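In what follows, a single structure is set out as structure tokens and then discussed.
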Amino acid sequence: MPQVQNMISSMFSPDAMGKQVALNLPPSITLTDEQQNSIGVIMSEAMNDIRPRMEALLISSTAETFSVDELQALIDFYVSEHGATIMTKMQPLMASVMGELAPDMQALQAKVGPEIVKIIRGE
């Protein structure tokens, strides 16, 4: 469906990928706009390389997870005026939420990271 394809394209765009990488960096690392843009281009190309596999996995997993009636309901929604509009707003919505949540996630990783490393090492 074009709406889903457009959402994936938006998520994998250089701008979105650059922002995503920047949000996941430790607070001590800041990027210039040029660095973020360059990283975004590299990540976008890399993600688009695996896009066919991701789409195949989404198709097979969706078919295994949802009934025919549920799939039809999803299709009906996504091709509706509201569904199409919602799809265009999902990537900016998630980027905004993740941007606000990034410091909390980094603090959480710093807090539990050492414990996870001990578990992995068998300590």
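Identifiers in the structure tokens: chain A, B, ... in order shown; residue index from 1 per chain; ligand index from 1 in order shown.
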Neighbour list for region 103-111 of chain A as a compact mmCIF listing (two decimals) with N, CA and C atoms, in the first residue's frame, cut-off 12 Å, only C-alpha atoms, skip fewer than 3 positions in-chain:
```txt
# COMPACT_ATOMS: atom_id res chain seq x y z
N ALA A 22 21.56 10.68 16.13
CA ALA A 22 21.92 11.75 17.07
C ALA A 22 21.22 11.56 18.41
N LEU A 23 19.97 11.12 18.38
CA LEU A 23 19.21 10.92 19.62
C LEU A 23 19.76 9.78 20.46
N ASN A 24 20.43 8.84 19.83
CA ASN A 24 20.94 7.68 20.55
C ASN A 24 22.38 7.83 21.01
N LEU A 25 22.97 8.96 20.75
CA LEU A 25 24.34 9.20 21.20
C LEU A 25 24.36 9.60 22.67
N PRO A 26 25.43 9.30 23.36
CA PRO A 26 25.54 9.77 24.76
C PRO A 26 25.48 11.30 24.80
N PRO A 27 25.00 11.85 25.90
CA PRO A 27 24.86 13.30 26.00
C PRO A 27 26.17 14.05 25.78
N SER A 28 27.29 13.41 26.03
CA SER A 28 28.58 14.08 25.88
C SER A 28 28.99 14.26 24.41
N VAL A 97 8.64 11.97 20.12
CA VAL A 97 8.59 11.22 21.38
C VAL A 97 9.98 10.70 21.74
N MET A 98 10.66 10.12 20.77
CA MET A 98 11.98 9.56 21.05
C MET A 98 12.98 10.67 21.38
N GLY A 99 12.82 11.82 20.75
CA GLY A 99 13.69 12.94 21.06
C GLY A 99 13.55 13.38 22.51
N GLU A 100 12.33 13.43 22.98
CA GLU A 100 12.07 13.80 24.37
C GLU A 100 12.51 12.70 25.33
N PRO A 114 25.80 -1.66 33.49
CA PRO A 114 26.77 -2.47 34.23
C PRO A 114 26.20 -3.80 34.73
N GLU A 115 24.94 -3.79 35.13
CA GLU A 115 24.31 -5.04 35.59
C GLU A 115 24.17 -6.03 34.43
N ILE A 116 23.81 -5.52 33.27
CA ILE A 116 23.66 -6.38 32.10
C ILE A 116 25.01 -6.95 31.69
N VAL A 117 26.05 -6.14 31.73
CA VAL A 117 27.40 -6.62 31.40
C VAL A 117 27.81 -7.74 32.35
```
| message | At a cut-off of 10 Å, using only C-alpha atoms, what residues contact Leu31 (chain A)? Leave out same-chain residues fewer than 4 positions from it and give the result as a PyMOL selection string. | response | chain A and resi 18+21-22+25+35-37+39
| request: Counting only C-alpha atoms, figure out which residue out of A:Arg121, A:Ala102, A:Phe66, A:Ala73 gets nearest to Lys19 (chain A). | output: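 Closest to Lys19 (chain A) of all the choices is A:Ala102.
CA of Met7 (chain A) sits 13.7 Å away from CA of Met47 (chain A).
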| request: Write out as a ChimeraX atom specification which residues come within 12 Å of Gly83 (chain A) when counting only C-alpha atoms, dropping same-chain ones fewer than 2 positions away. | output: /A:1-4,7,73-81,85-90
| query | Which residues come within 12 Å of region 49-57 of chain A, counting only C-alpha atoms, excluding same-chain residues fewer than 2 positions away, as a PyMOL selection string? | reply | chain A and resi 1+4-5+8-9+11-12+42-47+59-65
| Pairwise distance for CA of Gln20 (chain A) and CA of Gly113 (chain A), rounded to one decimal in Å | 20.5 Å
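Comparing the minimum interatomic distances between Glu34 (chain A) and each of A:Asn48, A:Glu123, A:Asp15, A:His82, counting only C-alpha atoms, we find that A:Asp15 sits nearest.
Going from CA of Leu71 (chain A) over to CA of Ser13 (chain A), you cover 27.0 Å.
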